[in-house]
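J.: Next comes input32.cif, mmCIF, C-alpha atoms:
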```
data_start
loop_
_atom_site.label_atom_id
_atom_site.label_comp_id
_atom_site.auth_asym_id
_atom_site.auth_seq_id
_atom_site.Cartn_x
_atom_site.Cartn_y
_atom_site.Cartn_z
CA MET A 115 84.91 74.98 101.33
CA ILE A 116 87.91 77.27 100.94
CA GLU A 117 90.39 75.98 98.35
CA TYR A 118 93.77 77.02 97.07
CA ARG A 119 92.23 78.58 93.97
CA HIS A 120 90.53 81.06 96.28
CA ILE A 121 93.91 82.07 97.70
CA ARG A 122 95.24 82.51 94.18
CA LEU A 123 92.22 84.63 93.19
CA PHE A 124 92.57 86.80 96.29
CA ALA A 125 96.27 87.28 95.54
CA TRP A 126 95.58 88.45 91.97
CA ILE A 127 92.89 90.86 93.18
CA TYR A 128 95.40 92.26 95.66
CA ALA A 129 98.09 92.66 92.98
CA ALA A 130 95.71 94.21 90.43
CA THR A 131 94.41 96.71 92.98
CA ALA A 132 97.96 97.69 93.93
CA LEU A 133 98.86 98.31 90.27
CA VAL A 134 95.72 100.37 89.60
CA PHE A 135 96.14 102.37 92.80
CA PHE A 136 99.77 103.20 92.00
CA LEU A 137 98.87 104.08 88.40
CA TRP A 138 96.29 106.52 89.77
CA MET A 139 98.96 108.06 92.01
CA VAL A 140 101.30 108.48 89.04
CA LEU A 141 98.62 109.98 86.76
CA ASN A 142 97.74 112.49 89.47
CA GLY A 143 101.34 113.28 90.39
CA LEU A 144 100.90 111.92 93.90
CA HIS A 145 103.68 109.32 93.97
CA PHE A 146 106.78 109.94 96.10
CA SER A 147 108.98 110.47 93.05
CA ALA A 148 106.90 113.48 92.03
CA TYR A 149 107.51 115.26 95.32
CA GLN A 150 110.34 117.53 96.31
CA PRO A 151 109.54 117.77 100.03
CA VAL A 152 111.24 120.47 102.10
CA PHE A 153 109.50 119.81 105.42
CA PHE A 154 107.53 117.09 107.19
CA ASN A 155 104.40 117.07 109.31
CA ASN A 156 105.20 115.36 112.60
CA GLN A 157 102.33 113.71 114.45
CA THR A 158 101.63 112.45 117.96
CA ASP A 159 102.85 108.97 117.08
CA LEU A 160 105.36 107.46 119.51
CA THR A 161 106.48 104.73 117.10
CA GLY A 162 106.84 107.26 114.31
CA ASN A 163 108.92 109.52 116.52
CA TYR A 164 111.35 106.67 117.11
CA ILE A 165 111.73 106.40 113.33
CA LEU A 166 112.36 110.14 113.19
CA LEU A 167 115.28 109.68 115.56
CA THR A 168 117.04 107.63 112.88
CA GLY A 169 116.97 110.60 110.48
CA PHE A 170 115.64 108.39 107.68
CA HIS A 171 112.95 110.93 106.81
CA LEU A 172 115.69 113.50 106.12
CA LYS A 173 117.33 111.10 103.67
CA VAL A 174 113.99 110.75 101.90
CA ILE A 175 113.78 114.53 101.62
CA GLN A 176 117.35 114.89 100.35
CA LEU A 177 117.69 111.91 97.99
CA PRO A 178 115.40 111.73 94.89
CA TRP A 179 116.61 108.22 94.01
CA LEU A 180 115.46 106.99 97.44
CA ARG A 181 111.95 108.25 96.76
CA VAL A 182 112.00 106.42 93.41
CA LEU A 183 113.11 103.25 95.21
CA LEU A 184 110.30 103.61 97.73
CA ASP A 185 107.74 104.01 94.94
CA ALA A 186 109.08 101.02 93.01
CA SER A 187 109.09 98.82 96.12
CA PHE A 188 105.58 99.91 97.05
CA VAL A 189 104.11 98.62 93.78
CA LEU A 190 106.48 95.71 93.04
CA LEU A 191 106.35 93.98 96.44
CA PRO A 192 102.58 93.21 96.21
CA VAL A 193 103.02 91.94 92.65
CA MET A 194 105.98 89.76 93.61
CA LEU A 195 104.13 88.45 96.66
CA SER A 196 101.10 87.52 94.55
CA VAL A 197 103.27 85.69 92.02
CA LEU A 198 104.94 83.73 94.83
CA VAL A 199 101.59 82.87 96.43
CA ALA A 200 100.17 81.75 93.10
CA GLY A 201 103.26 79.56 92.59
CA ARG A 202 102.95 78.12 96.11
CA LYS A 203 106.48 79.13 97.04
CA LYS A 204 107.69 78.86 100.64
CA ILE A 205 109.43 82.20 100.39
CA ALA A 206 106.00 83.84 100.06
CA VAL A 207 105.63 83.84 103.87
CA PRO A 208 108.68 86.01 104.69
CA VAL A 209 107.91 88.20 101.65
CA ALA A 210 104.41 88.73 103.05
CA TYR A 211 105.86 89.98 106.34
CA LEU A 212 108.28 92.19 104.42
CA THR A 213 105.49 93.62 102.26
CA ALA A 214 103.33 94.44 105.28
CA GLY A 215 106.24 96.04 107.12
CA PHE A 216 107.29 98.08 104.11
CA ALA A 217 103.70 99.24 103.52
CA LEU A 218 103.61 100.52 107.11
CA LEU A 219 106.86 102.43 106.63
CA TYR A 220 105.77 103.82 103.25
CA ALA A 221 102.37 104.87 104.61
CA TRP A 222 103.92 106.61 107.61
CA LEU A 223 106.53 108.44 105.51
CA TYR A 224 103.87 109.47 103.00
CA SER A 225 101.60 110.78 105.76
CA ILE A 226 104.29 113.14 107.07
CA LEU A 227 105.79 114.15 103.70
CA GLY A 228 102.86 113.83 101.25
CA VAL A 229 99.24 114.86 100.97
CA ILE A 230 97.42 111.53 101.39
CA SER A 231 96.35 110.43 104.85
CA ILE A 232 97.75 107.21 106.31
CA GLU A 233 94.20 105.82 106.55
CA VAL A 234 94.14 105.37 102.77
CA PHE A 235 97.07 102.93 103.06
CA THR A 236 95.51 100.80 105.82
CA ALA A 237 94.56 97.95 103.50
CA TRP A 238 98.12 97.72 102.14
CA ILE A 239 99.38 97.15 105.69
CA PHE A 240 96.90 94.43 106.70
CA THR A 241 96.22 92.52 103.48
CA PRO A 242 99.72 90.99 103.05
CA CYS A 243 99.37 89.44 106.52
CA VAL A 244 96.76 87.05 105.08
CA PHE A 245 99.53 85.43 103.01
CA THR A 246 101.64 84.64 106.08
CA ALA A 247 99.53 81.48 106.49
CA ILE A 248 101.14 78.13 105.69
CA SER A 249 97.86 76.19 105.45
CA LEU A 250 94.39 76.68 104.04
CA ARG A 251 92.97 76.83 107.56
CA GLY A 252 95.46 79.54 108.42
CA PHE A 253 94.49 81.46 105.31
CA TYR A 254 90.79 81.05 106.11
CA PHE A 255 91.06 82.42 109.63
CA ARG A 256 93.36 85.27 108.60
CA LEU A 257 90.78 86.19 105.96
CA GLN A 258 88.10 86.25 108.66
CA ILE A 259 90.28 88.57 110.75
CA LEU A 260 90.75 90.85 107.72
CA ARG A 261 86.98 90.86 107.27
CA LEU A 262 86.42 91.90 110.90
CA LEU A 263 89.07 94.62 110.68
CA PHE A 264 87.32 96.08 107.66
CA LEU A 265 83.92 95.98 109.36
CA ILE A 266 85.30 97.60 112.51
CA ILE A 267 87.04 100.38 110.61
CA PHE A 268 84.06 101.04 108.36
CA PHE A 269 81.52 101.00 111.19
CA SER A 270 83.73 103.21 113.37
CA THR A 271 83.55 105.98 110.76
CA ALA A 272 79.76 106.02 111.17
CA TRP A 273 80.07 105.86 114.94
CA TRP A 274 82.39 108.87 114.86
CA LYS A 275 79.81 110.85 112.87
CA PHE A 276 77.23 110.08 115.56
CA ARG A 277 79.58 110.74 118.47
CA ALA A 278 81.07 113.96 117.06
CA GLY A 279 77.62 115.19 116.06
CA GLY A 280 78.26 115.62 112.34
CA PHE A 281 75.33 113.34 111.54
CA PHE A 282 72.98 115.80 113.25
CA HIS A 283 74.26 118.93 111.48
CA PHE A 284 72.11 119.83 108.49
CA GLU A 285 74.94 121.70 106.74
CA GLN A 286 77.70 119.14 107.39
CA MET A 287 77.91 117.83 103.80
CA GLN A 288 77.88 121.36 102.38
CA THR A 289 80.85 122.29 104.55
CA ILE A 290 82.79 119.15 103.61
CA LEU A 291 82.20 119.71 99.89
CA PHE A 292 83.24 123.34 100.14
CA ARG A 293 86.48 122.46 101.93
CA GLN A 294 87.26 119.50 99.70
CA HIS A 295 86.78 121.39 96.43
CA THR A 296 87.87 124.89 97.40
CA ALA A 297 90.39 125.16 94.56
CA ALA A 298 87.92 124.15 91.83
CA LEU A 299 85.27 126.49 93.21
CA ALA A 300 87.71 129.39 93.63
CA TYR A 301 88.99 129.10 90.05
CA GLY A 302 85.44 129.06 88.72
CA SER A 303 85.73 125.74 86.90
CA ASN A 304 82.60 124.83 84.95
CA ASP A 305 83.20 121.16 84.18
CA LEU A 306 80.63 118.50 84.98
CA TRP A 307 81.91 117.65 88.45
CA SER A 308 82.38 121.27 89.53
CA THR A 309 78.80 121.94 88.45
CA LEU A 310 77.66 118.97 90.55
CA TYR A 311 79.61 120.21 93.59
CA LYS A 312 78.06 123.67 93.24
CA PHE A 313 74.59 122.15 92.94
CA LEU A 314 75.06 120.10 96.13
CA ILE A 315 76.41 123.09 98.03
CA GLN A 316 73.50 125.25 96.89
CA HIS A 317 70.91 122.58 97.77
CA PRO A 318 71.50 121.57 101.39
CA LEU A 319 68.57 119.14 101.49
CA VAL A 320 70.12 117.03 98.70
CA SER A 321 73.64 117.12 100.15
CA CYS A 322 72.33 116.36 103.64
CA SER A 323 70.40 113.38 102.28
CA LEU A 324 73.60 112.03 100.71
CA TYR A 325 75.49 112.46 103.98
CA VAL A 326 72.80 110.68 105.98
CA THR A 327 72.63 107.85 103.41
CA ALA A 328 76.42 107.41 103.46
CA THR A 329 76.49 107.34 107.26
CA LEU A 330 73.71 104.76 107.47
CA LEU A 331 75.52 102.70 104.82
CA GLU A 332 78.66 102.72 106.97
CA ALA A 333 76.63 101.90 110.06
CA SER A 334 75.03 98.92 108.28
CA MET A 335 78.36 97.11 108.55
CA VAL A 336 77.43 96.35 112.18
CA VAL A 337 75.30 93.51 110.76
CA GLY A 338 78.52 91.69 109.88
CA PHE A 339 79.46 91.43 113.57
CA PHE A 340 76.56 89.06 114.18
CA THR A 341 76.19 87.08 110.96
CA ARG A 342 77.95 86.40 107.67
CA ARG A 343 74.64 85.75 105.90
CA PHE A 344 74.51 89.24 104.39
CA ASP A 345 78.20 89.62 103.53
CA ARG A 346 77.60 89.75 99.78
CA TRP A 347 75.16 92.64 100.29
CA LEU A 348 77.64 94.39 102.56
CA LEU A 349 80.28 93.93 99.85
CA VAL A 350 78.04 95.66 97.29
CA LEU A 351 77.25 98.50 99.70
CA ALA A 352 80.94 98.97 100.49
CA LEU A 353 81.85 99.15 96.78
CA ILE A 354 79.07 101.69 96.18
CA PHE A 355 80.37 103.80 99.06
CA ILE A 356 83.95 103.66 97.77
CA GLY A 357 82.85 104.64 94.27
CA MET A 358 80.62 107.51 95.40
CA ASP A 359 83.26 108.77 97.81
CA TYR A 360 85.67 109.06 94.92
CA LEU A 361 83.17 110.75 92.62
CA LEU A 362 81.93 113.29 95.17
CA MET A 363 84.97 113.78 97.42
CA GLU A 364 87.83 112.75 95.10
CA ILE A 365 89.14 110.55 97.89
CA ASN A 366 90.62 107.31 96.56
CA TYR A 367 89.64 104.41 98.80
CA PHE A 368 90.05 101.83 96.05
CA SER A 369 92.96 100.52 98.08
CA TRP A 370 90.31 99.02 100.39
CA ILE A 371 89.06 96.65 97.71
CA PRO A 372 91.24 93.71 98.89
CA MET A 373 89.76 94.05 102.38
CA VAL A 374 86.26 94.33 100.93
CA THR A 375 86.95 91.15 98.94
CA ALA A 376 87.23 89.28 102.24
CA LEU A 377 83.44 89.59 102.45
CA TYR A 378 83.17 87.55 99.25
CA PHE A 379 85.07 84.57 100.68
CA SER A 380 83.77 84.80 104.23
CA ARG A 381 80.79 82.41 103.90
CA MET A 382 82.97 79.56 102.68
CA GLN A 383 83.73 76.81 105.16
CA PRO A 384 87.23 76.11 106.52
CA PRO A 385 88.97 72.91 105.44
CA PRO A 386 89.07 70.04 107.95
CA GLU A 387 91.91 69.87 110.45
CA GLY A 388 94.88 67.61 109.97
CA VAL A 389 94.58 67.20 106.22
CA SER A 390 98.13 67.43 104.87
CA SER A 391 96.98 67.86 101.31
CA GLN A 392 95.56 71.24 102.30
CA THR A 393 99.00 72.73 102.86
CA THR A 394 99.40 75.90 100.82
CA ILE A 395 103.17 75.80 100.33
CA ARG A 396 105.55 73.27 98.91
#
```
Take the structure in the file and write it out as structure tokens.
T.:
Amino acid sequence: MIEYRHIRLFAWIYAATALVFFLWMVLNGLHFSAYQPVFFNNQTDLTGNYILLTGFHLKVIQLPWLRVLLDASFVLLPVMLSVLVAGRKKIAVPVAYLTAGFALLYAWLYSILGVISIEVFTAWIFTPCVFTAISLRGFYFRLQILRLLFLIIFFSTAWWKFRAGGFFHFEQMQTILFRQHTAALAYGSNDLWSTLYKFLIQHPLVSCSLYVTATLLEASMVVGFFTRRFDRWLLVLALIFIGMDYLLMEINYFSWIPMVTALYFSRMQPPPEGVSSQTTIR
């Protein structure tokens, strides 16, 4: 049965992942504070266009201290939320809403001013919503929703490969690797990873096999729509995919780890209804 210690554990995993993810951004010079943006990439996003009407994005471009504030809030809000959840504070609920809303704003601003796609920030938007629950039952069912969101998103990436036809193109992985690592290949780097990329590009059968394996791994998440029996296996497969995606594509999806963690808790049973001692806040 789900207990409060599980909420606390999930909160610490969320906070630790946020810290590691932001540290990675800093070490790679990808945080907002490192940018000096002079233009933005507008997208066909009606909600985002309403935000553009406020001119806030121009302030972000013009004011370095505002970018620092955005970075600090991005990493500190998850940590503060986790501390409040662990301490069973009532204020954790509004802070959870604030954290989710800020993550959405940060992700959208980053996607039009930075170089990382908004998809990478998806987990930061949805995960804080789990902590809006005021009871263990509420937490349990929010965790199940988070689990389903992850499965849908992960499976849809495989479905897109089938629908768009990439899965059936023998040279698809070669093309992706060439585009993803153009700079390293152009400068003639001879480190271990550049050598691996060159090997995969020069051996289409190997690279195609990796692409097919990755797609089938993503597609395997469909099992989770029908049963939770294999969730632990799906968790392992998802972590393998995230790790290999980073090693081969240098795409950091470690931000998805909190959503993947939902698979770990999913087979636990919800607490009984009407038990006041199960309340998660003071």
J.: Taking the file as shown, what set of residues would the PyMOL selection byres ((chain A and resi 353) around 10) give back, as an NGL selection string?
T.: :A and (347-352 or 354-359 or 367-368 or 370-371 or 374-375)
J.: Which protein, DNA or RNA residues have an atom at most 12 Å from (98.3, 97.3, 92.0), counting only C-alpha atoms? List them as a ChimeraX atom specification.
T.: /A:125-140,185-196,238,368-372
J.: Just want the 8 Å neighbourhood of region 281-283 of chain A, counted on all atoms listed in the file, with same-chain residues fewer than 5 positions away dropped. Output as a ChimeraX atom specification.
T.: /A:275-276,325-326,329
J.: Translate the PyMOL selection byres ((chain A and resi 257) around 10) into a concrete residue list for this structure, as a list in words.
T.: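 Taken over the shown coordinates, the PyMOL selection byres ((chain A and resi 257) around 10) returns Ile121, Phe124, Thr241, Cys243, Val244, Phe245, Ala247, Arg251, Gly252, Phe253, Tyr254, Phe255, Arg256, Gln258, Ile259, Leu260, Arg261, Leu262, Leu263, Met373, Thr375, Ala376, Leu377, Phe379 and Ser380 of chain A.
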J.: In terms of the shortest atom-to-atom distance over all atoms listed in the file, which of A:Val174, A:Met287, A:Met115, A:Ile267 is closest to Leu319 (chain A)?
T.: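 Result for the nearest residue to Leu319 (chain A): A:Met287.
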J.: Enumerate, as a ChimeraX atom specification, the residues matched when the PyMOL selection byres ((chain A and resi 308-310) around 12) is run on the file above.
T.: /A:291-292,294-307,311-317,320-321,361-364
J.: Write to file, as a PDB file, in the coordinates of the input, the residues of the selection just made, with C-alpha atoms.
T.:
```
ATOM      1  CA  LEU A 291      82.200 119.710  99.890  1.00  0.00           C
ATOM      2  CA  PHE A 292      83.240 123.340 100.140  1.00  0.00           C
ATOM      3  CA  GLN A 294      87.260 119.500  99.700  1.00  0.00           C
ATOM      4  CA  HIS A 295      86.780 121.390  96.430  1.00  0.00           C
ATOM      5  CA  THR A 296      87.870 124.890  97.400  1.00  0.00           C
ATOM      6  CA  ALA A 297      90.390 125.160  94.560  1.00  0.00           C
ATOM      7  CA  ALA A 298      87.920 124.150  91.830  1.00  0.00           C
ATOM      8  CA  LEU A 299      85.270 126.490  93.210  1.00  0.00           C
ATOM      9  CA  ALA A 300      87.710 129.390  93.630  1.00  0.00           C
ATOM     10  CA  TYR A 301      88.990 129.100  90.050  1.00  0.00           C
ATOM     11  CA  GLY A 302      85.440 129.060  88.720  1.00  0.00           C
ATOM     12  CA  SER A 303      85.730 125.740  86.900  1.00  0.00           C
ATOM     13  CA  ASN A 304      82.600 124.830  84.950  1.00  0.00           C
ATOM     14  CA  ASP A 305      83.200 121.160  84.180  1.00  0.00           C
ATOM     15  CA  LEU A 306      80.630 118.500  84.980  1.00  0.00           C
ATOM     16  CA  TRP A 307      81.910 117.650  88.450  1.00  0.00           C
ATOM     17  CA  TYR A 311      79.610 120.210  93.590  1.00  0.00           C
ATOM     18  CA  LYS A 312      78.060 123.670  93.240  1.00  0.00           C
ATOM     19  CA  PHE A 313      74.590 122.150  92.940  1.00  0.00           C
ATOM     20  CA  LEU A 314      75.060 120.100  96.130  1.00  0.00           C
ATOM     21  CA  ILE A 315      76.410 123.090  98.030  1.00  0.00           C
ATOM     22  CA  GLN A 316      73.500 125.250  96.890  1.00  0.00           C
ATOM     23  CA  HIS A 317      70.910 122.580  97.770  1.00  0.00           C
ATOM     24  CA  VAL A 320      70.120 117.030  98.700  1.00  0.00           C
ATOM     25  CA  SER A 321      73.640 117.120 100.150  1.00  0.00           C
ATOM     26  CA  LEU A 361      83.170 110.750  92.620  1.00  0.00           C
ATOM     27  CA  LEU A 362      81.930 113.290  95.170  1.00  0.00           C
ATOM     28  CA  MET A 363      84.970 113.780  97.420  1.00  0.00           C
ATOM     29  CA  GLU A 364      87.830 112.750  95.100  1.00  0.00           C
TER      30      GLU A 364
END
```
J.: Using Å and a single decimal, report how far CA of Phe235 (chain A) sits from CA of Ala210 (chain A).
T.: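 For CA of Ala210 (chain A) relative to CA of Phe235 (chain A), the distance reads 16.0 Å.
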